[in-house]
Amino acid sequence: LMSRLEGTDMVAFRNRVYATFFELAPAGMDYFKQSATRLHFVAEKVFGMTLEMYRQPDELVNELSASGLRHVGYGIPSELCAPFTNAYVSVLRIVTDDEEASEAFQWSLSLISRILARVINEGSTMVMRAINANSARQLSKAVACAPRADRSMWVLNVSVGSQSISPLLWAIETGSLEAAEAILKDLLTIRADRDRYYFGADALFQRHPDIIRRLCIDAPRLLPTLLDGLIWR
């Protein structure tokens with residue numbers, strides 16, 4: 001099936017996929033704003049993944065987990081997975097009459113879509129949504145729901161399967177500095193209950209031993225916030 005779609009035929013096929021997808025889910029246009037070259041790369045990558053699901057399913061699941069967490073970081077809703085799959089399958093059925101190949105493609109792509117949607121749903125925590133909005137207020141409300149003992153990890157680690165992402169690092173890398181500053185202030189605030197004190201500095205440096213270097217490179221305006229918080233040590 002893949003060998004039949006080459007050159008200009010493949011380009012036309014991808015263009016038709018996106019046209020159909022945008023008809024099914026107009027909201028998708030808000031998230032697919034990249035260049036045509038990048039969009040074609042994504043479509044080609046998806047096409048290749050359907051074959052890898054049969055060849056190396058374990059490796060592909062790990063790759064999908066990592067990709068899904070990046071989707072979480074970009075705020076892409078899981079609701080777009082199904083219409084993208086439907087668009088791809090419907091266009092494929094137009095360009096080929098090989099029913100067996102079409103069914104195999106649909107099964108593989110549907111499985112990929114369900115895995116990706118699950119990762120996005122599980123990874124879309126309140127903290128990640130606050131970072132996407134770059135809102136310190138939303139961030140504070142999100143971590144207020146966390147038990148004191150887990151509060152640090154809510155802002156330092158989101159895990160799905162074998163993959164993980166750091167909300168703090170993601171906020172710094174994507175320029176959500178209001179949210180990143182709120183995370184640092186929350187981590188470096190001393191709290192207590194009847195059993196113990198809580199201070200997130202150790203957790204911060206265990207998760208990101210290079211945090212000072214990263215701030216110097218990507219967000220120097222946050223260095224005073226970090227250093228002021230560490231004075232309590």
# chains A, B, ... in the order shown; residues from 1 in each chain; ligands from 1
call {"tool": "residues_around", "arguments": {"residues": "A:Ala136", "least_positions_apart": "6", "cutoff": "10 Å", "atoms": "only C-alpha atoms", "output": "list in words"}}
result
Ala130, Ala142, Ser176, Leu177, Glu178, Ala179, Ala180, Glu181, Ala182 and Ile183 of chain A
call {"tool": "residues_around", "arguments": {"residues": "stretch 49-64 of chain A", "least_positions_apart": "3", "cutoff": "7 Å", "atoms": "only C-alpha atoms", "output": "MDAnalysis selection string"}}
result
chainID A and resid 45:46 67:68 105 108:109 116 162
call {"tool": "write_last_selection", "arguments": {"atoms": "N, CA and C atoms", "output": "PDB file, in the first residue's frame"}}
result
ATOM      1  N   LYS A  45       4.784  10.781   9.141  1.00  0.00           N
ATOM      2  CA  LYS A  45       5.146  10.096  10.378  1.00  0.00           C
ATOM      3  C   LYS A  45       4.013   9.197  10.853  1.00  0.00           C
ATOM      4  N   VAL A  46       2.799   9.708  10.792  1.00  0.00           N
ATOM      5  CA  VAL A  46       1.628   8.925  11.190  1.00  0.00           C
ATOM      6  C   VAL A  46       1.486   7.698  10.295  1.00  0.00           C
ATOM      7  N   SER A  67       5.250  11.343  22.786  1.00  0.00           N
ATOM      8  CA  SER A  67       4.570  12.283  21.893  1.00  0.00           C
ATOM      9  C   SER A  67       3.298  12.829  22.548  1.00  0.00           C
ATOM     10  N   GLY A  68       2.564  11.966  23.238  1.00  0.00           N
ATOM     11  CA  GLY A  68       1.340  12.395  23.904  1.00  0.00           C
ATOM     12  C   GLY A  68       1.603  13.433  24.976  1.00  0.00           C
ATOM     13  N   PHE A 105      -4.773  -0.935   8.042  1.00  0.00           N
ATOM     14  CA  PHE A 105      -4.390   0.449   8.323  1.00  0.00           C
ATOM     15  C   PHE A 105      -5.334   1.054   9.349  1.00  0.00           C
ATOM     16  N   SER A 108      -4.681  -0.341  12.921  1.00  0.00           N
ATOM     17  CA  SER A 108      -3.443   0.182  13.492  1.00  0.00           C
ATOM     18  C   SER A 108      -3.591   1.652  13.886  1.00  0.00           C
ATOM     19  N   LEU A 109      -4.145   2.457  12.992  1.00  0.00           N
ATOM     20  CA  LEU A 109      -4.277   3.883  13.269  1.00  0.00           C
ATOM     21  C   LEU A 109      -5.271   4.139  14.401  1.00  0.00           C
ATOM     22  N   LEU A 116      -2.802   7.514  22.107  1.00  0.00           N
ATOM     23  CA  LEU A 116      -2.451   8.934  22.200  1.00  0.00           C
ATOM     24  C   LEU A 116      -3.494   9.700  23.014  1.00  0.00           C
ATOM     25  N   SER A 162       5.831   4.719  30.680  1.00  0.00           N
ATOM     26  CA  SER A 162       7.269   4.773  30.954  1.00  0.00           C
ATOM     27  C   SER A 162       7.855   6.163  30.714  1.00  0.00           C
TER      28      SER A 162
END
call {"tool": "residues_around", "arguments": {"residues": "stretch 82-89 of chain A", "least_positions_apart": "2", "cutoff": "10 Å", "atoms": "only C-alpha atoms", "output": "ChimeraX atom specification"}}
result
/A:13-14,16-25,28,43,46-47,78-80,91-94,102-103,105-107,109-114,117
call {"tool": "write_last_selection", "arguments": {"atoms": "C-alpha atoms", "output": "PDB file, in the first residue's frame"}}
result
ATOM      1  CA  PHE A  13      -3.053  12.326  -0.422  1.00  0.00           C
ATOM      2  CA  ARG A  14      -1.732  14.282   2.587  1.00  0.00           C
ATOM      3  CA  ARG A  16      -6.673  15.691   1.121  1.00  0.00           C
ATOM      4  CA  VAL A  17      -6.277  14.215   4.617  1.00  0.00           C
ATOM      5  CA  TYR A  18      -5.876  17.664   6.159  1.00  0.00           C
ATOM      6  CA  ALA A  19      -8.731  19.122   4.124  1.00  0.00           C
ATOM      7  CA  THR A  20     -11.027  16.330   5.320  1.00  0.00           C
ATOM      8  CA  PHE A  21      -9.780  16.640   8.899  1.00  0.00           C
ATOM      9  CA  PHE A  22     -10.478  20.384   8.989  1.00  0.00           C
ATOM     10  CA  GLU A  23     -13.977  19.730   7.674  1.00  0.00           C
ATOM     11  CA  LEU A  24     -14.608  17.170  10.425  1.00  0.00           C
ATOM     12  CA  ALA A  25     -12.963  19.247  13.172  1.00  0.00           C
ATOM     13  CA  GLY A  28      -8.038  21.555  14.479  1.00  0.00           C
ATOM     14  CA  ALA A  43       1.233  13.038   8.086  1.00  0.00           C
ATOM     15  CA  VAL A  46       1.628   8.925  11.190  1.00  0.00           C
ATOM     16  CA  PHE A  47       1.600   6.795   8.050  1.00  0.00           C
ATOM     17  CA  SER A  78      -7.602  14.496  22.885  1.00  0.00           C
ATOM     18  CA  GLU A  79     -10.924  15.083  21.097  1.00  0.00           C
ATOM     19  CA  LEU A  80      -8.996  15.767  17.871  1.00  0.00           C
ATOM     20  CA  VAL A  91      -9.190   9.386   2.291  1.00  0.00           C
ATOM     21  CA  LEU A  92      -7.232   6.130   2.153  1.00  0.00           C
ATOM     22  CA  ARG A  93     -10.348   4.219   1.160  1.00  0.00           C
ATOM     23  CA  ILE A  94     -10.813   6.634  -1.741  1.00  0.00           C
ATOM     24  CA  SER A 102      -7.415  -0.589   4.387  1.00  0.00           C
ATOM     25  CA  GLU A 103      -8.694  -2.626   7.321  1.00  0.00           C
ATOM     26  CA  PHE A 105      -4.390   0.449   8.323  1.00  0.00           C
ATOM     27  CA  GLN A 106      -7.602   1.414  10.108  1.00  0.00           C
ATOM     28  CA  TRP A 107      -6.993  -1.033  12.960  1.00  0.00           C
ATOM     29  CA  LEU A 109      -4.277   3.883  13.269  1.00  0.00           C
ATOM     30  CA  SER A 110      -7.299   3.513  15.551  1.00  0.00           C
ATOM     31  CA  LEU A 111      -5.119   1.820  18.164  1.00  0.00           C
ATOM     32  CA  ILE A 112      -2.525   4.601  17.867  1.00  0.00           C
ATOM     33  CA  SER A 113      -5.276   7.193  18.253  1.00  0.00           C
ATOM     34  CA  ARG A 114      -6.662   5.541  21.406  1.00  0.00           C
ATOM     35  CA  ALA A 117      -5.825  10.085  23.538  1.00  0.00           C
TER      36      ALA A 117
END
call {"tool": "closest_atom_pairs", "arguments": {"of": "stretch 130-173 of chain A", "to": "stretch 188-211 of chain A", "cutoff": "10 Å", "atoms": "only C-alpha atoms", "output": "Markdown table"}}
result
| residue | atom | partner | partner_atom | distance |
| --- | --- | --- | --- | --- |
| A:Arg148 | CA | A:Tyr198 | CA | 7.2 |
| A:Ala149 | CA | A:Tyr198 | CA | 7.2 |
| A:Asp150 | CA | A:Tyr198 | CA | 9.9 |
| A:Arg151 | CA | A:Gly200 | CA | 8.4 |
| A:Ser152 | CA | A:Gly200 | CA | 5.8 |
| A:Met153 | CA | A:Ala203 | CA | 7.7 |
| A:Val155 | CA | A:Leu204 | CA | 9.5 |
| A:Leu156 | CA | A:Arg207 | CA | 7.0 |
| A:Asn157 | CA | A:Arg207 | CA | 8.3 |
| A:Ser166 | CA | A:Arg207 | CA | 8.4 |
| A:Leu168 | CA | A:Leu204 | CA | 9.4 |
| A:Leu169 | CA | A:His208 | CA | 8.5 |
call {"tool": "atom_distance", "arguments": {"atom1": "atom CA of A:Glu173", "atom2": "atom CA of A:Ser135"}}
result
15.5 Å
call {"tool": "select_by_dssp", "arguments": {"residues": "stretch 28-174 of chain A", "states": "strand (DSSP E or B)", "output": "number ranges by chain"}}
result
A: 158-160, 163-165
call {"tool": "closest_residue", "arguments": {"among": "A:Ala101, A:Cys81, A:Ile76, A:Val42", "to": "A:Asp30", "atoms": "only C-alpha atoms"}}
result
A:Ile76
call {"tool": "atom_distance", "arguments": {"atom1": "atom CA of A:Leu39", "atom2": "atom CA of A:Arg70"}}
result
16.3 Å
call {"tool": "closest_residue", "arguments": {"among": "A:Ala66, A:Ala104, A:Leu230, A:Met10", "to": "A:His40", "atoms": "only C-alpha atoms"}}
result
A:Met10
call {"tool": "select_by_dssp", "arguments": {"residues": "stretch 138-172 of chain A", "states": "alpha helix (DSSP H)", "output": "VMD selection string"}}
result
chain A and resid 138 to 143 151 to 156 167 to 172
call {"tool": "decode", "arguments": {"residues": "stretch 193-211 of chain A", "atoms": "N, CA, C and O atoms", "output": "mmCIF file, in the first residue's frame"}}
result
data_model
loop_
_atom_site.group_PDB
_atom_site.id
_atom_site.type_symbol
_atom_site.label_atom_id
_atom_site.label_comp_id
_atom_site.auth_asym_id
_atom_site.auth_seq_id
_atom_site.Cartn_x
_atom_site.Cartn_y
_atom_site.Cartn_z
ATOM 1 N N ASP A 193 2.883 20.441 58.892
ATOM 2 C CA ASP A 193 1.720 19.898 59.577
ATOM 3 C C ASP A 193 2.195 19.394 60.936
ATOM 4 O O ASP A 193 3.294 19.738 61.371
ATOM 5 N N ARG A 194 1.426 18.595 61.590
ATOM 6 C CA ARG A 194 1.799 18.167 62.939
ATOM 7 C C ARG A 194 2.978 17.197 62.952
ATOM 8 O O ARG A 194 3.589 16.970 63.986
ATOM 9 N N ASP A 195 3.287 16.611 61.797
ATOM 10 C CA ASP A 195 4.337 15.599 61.750
ATOM 11 C C ASP A 195 5.678 16.109 61.251
ATOM 12 O O ASP A 195 6.727 15.657 61.708
ATOM 13 N N ARG A 196 5.667 17.048 60.297
ATOM 14 C CA ARG A 196 6.933 17.453 59.695
ATOM 15 C C ARG A 196 6.794 18.774 58.954
ATOM 16 O O ARG A 196 5.696 19.290 58.768
ATOM 17 N N TYR A 197 7.982 19.276 58.558
ATOM 18 C CA TYR A 197 8.042 20.451 57.696
ATOM 19 C C TYR A 197 8.199 20.002 56.242
ATOM 20 O O TYR A 197 8.738 18.926 55.965
ATOM 21 N N TYR A 198 7.763 20.858 55.311
ATOM 22 C CA TYR A 198 7.891 20.569 53.884
ATOM 23 C C TYR A 198 8.557 21.751 53.187
ATOM 24 O O TYR A 198 8.147 22.891 53.344
ATOM 25 N N PHE A 199 9.588 21.437 52.436
ATOM 26 C CA PHE A 199 10.329 22.466 51.694
ATOM 27 C C PHE A 199 10.838 21.794 50.418
ATOM 28 O O PHE A 199 11.546 20.784 50.487
ATOM 29 N N GLY A 200 10.470 22.316 49.250
ATOM 30 C CA GLY A 200 10.680 21.596 47.989
ATOM 31 C C GLY A 200 12.047 21.727 47.355
ATOM 32 O O GLY A 200 12.241 21.253 46.228
ATOM 33 N N ALA A 201 13.019 22.346 48.049
ATOM 34 C CA ALA A 201 14.322 22.566 47.422
ATOM 35 C C ALA A 201 15.019 21.253 47.059
ATOM 36 O O ALA A 201 15.595 21.124 45.978
ATOM 37 N N ASP A 202 14.991 20.279 47.961
ATOM 38 C CA ASP A 202 15.658 19.001 47.678
ATOM 39 C C ASP A 202 15.023 18.310 46.474
ATOM 40 O O ASP A 202 15.728 17.790 45.606
ATOM 41 N N ALA A 203 13.703 18.297 46.431
ATOM 42 C CA ALA A 203 13.006 17.676 45.304
ATOM 43 C C ALA A 203 13.330 18.398 44.002
ATOM 44 O O ALA A 203 13.506 17.769 42.953
ATOM 45 N N LEU A 204 13.433 19.720 44.067
ATOM 46 C CA LEU A 204 13.759 20.509 42.878
ATOM 47 C C LEU A 204 15.116 20.129 42.318
ATOM 48 O O LEU A 204 15.254 19.884 41.111
ATOM 49 N N PHE A 205 16.134 20.052 43.173
ATOM 50 C CA PHE A 205 17.482 19.757 42.687
ATOM 51 C C PHE A 205 17.677 18.275 42.362
ATOM 52 O O PHE A 205 18.543 17.930 41.567
ATOM 53 N N GLN A 206 16.895 17.400 42.965
ATOM 54 C CA GLN A 206 16.938 15.991 42.567
ATOM 55 C C GLN A 206 16.372 15.815 41.163
ATOM 56 O O GLN A 206 16.905 15.041 40.359
ATOM 57 N N ARG A 207 15.295 16.528 40.883
ATOM 58 C CA ARG A 207 14.656 16.418 39.562
ATOM 59 C C ARG A 207 15.441 17.180 38.508
ATOM 60 O O ARG A 207 15.582 16.737 37.370
ATOM 61 N N HIS A 208 15.977 18.358 38.894
ATOM 62 C CA HIS A 208 16.698 19.203 37.945
ATOM 63 C C HIS A 208 18.002 19.703 38.568
ATOM 64 O O HIS A 208 18.091 20.847 39.015
ATOM 65 N N PRO A 209 19.013 18.855 38.614
ATOM 66 C CA PRO A 209 20.292 19.296 39.197
ATOM 67 C C PRO A 209 20.933 20.459 38.447
ATOM 68 O O PRO A 209 21.787 21.155 38.986
ATOM 69 N N ASP A 210 20.510 20.676 37.203
ATOM 70 C CA ASP A 210 21.055 21.771 36.393
ATOM 71 C C ASP A 210 20.111 22.960 36.311
ATOM 72 O O ASP A 210 20.200 23.761 35.373
ATOM 73 N N ILE A 211 19.226 23.108 37.297
ATOM 74 C CA ILE A 211 18.194 24.132 37.213
ATOM 75 C C ILE A 211 18.784 25.538 37.116
ATOM 76 O O ILE A 211 18.273 26.385 36.372
#
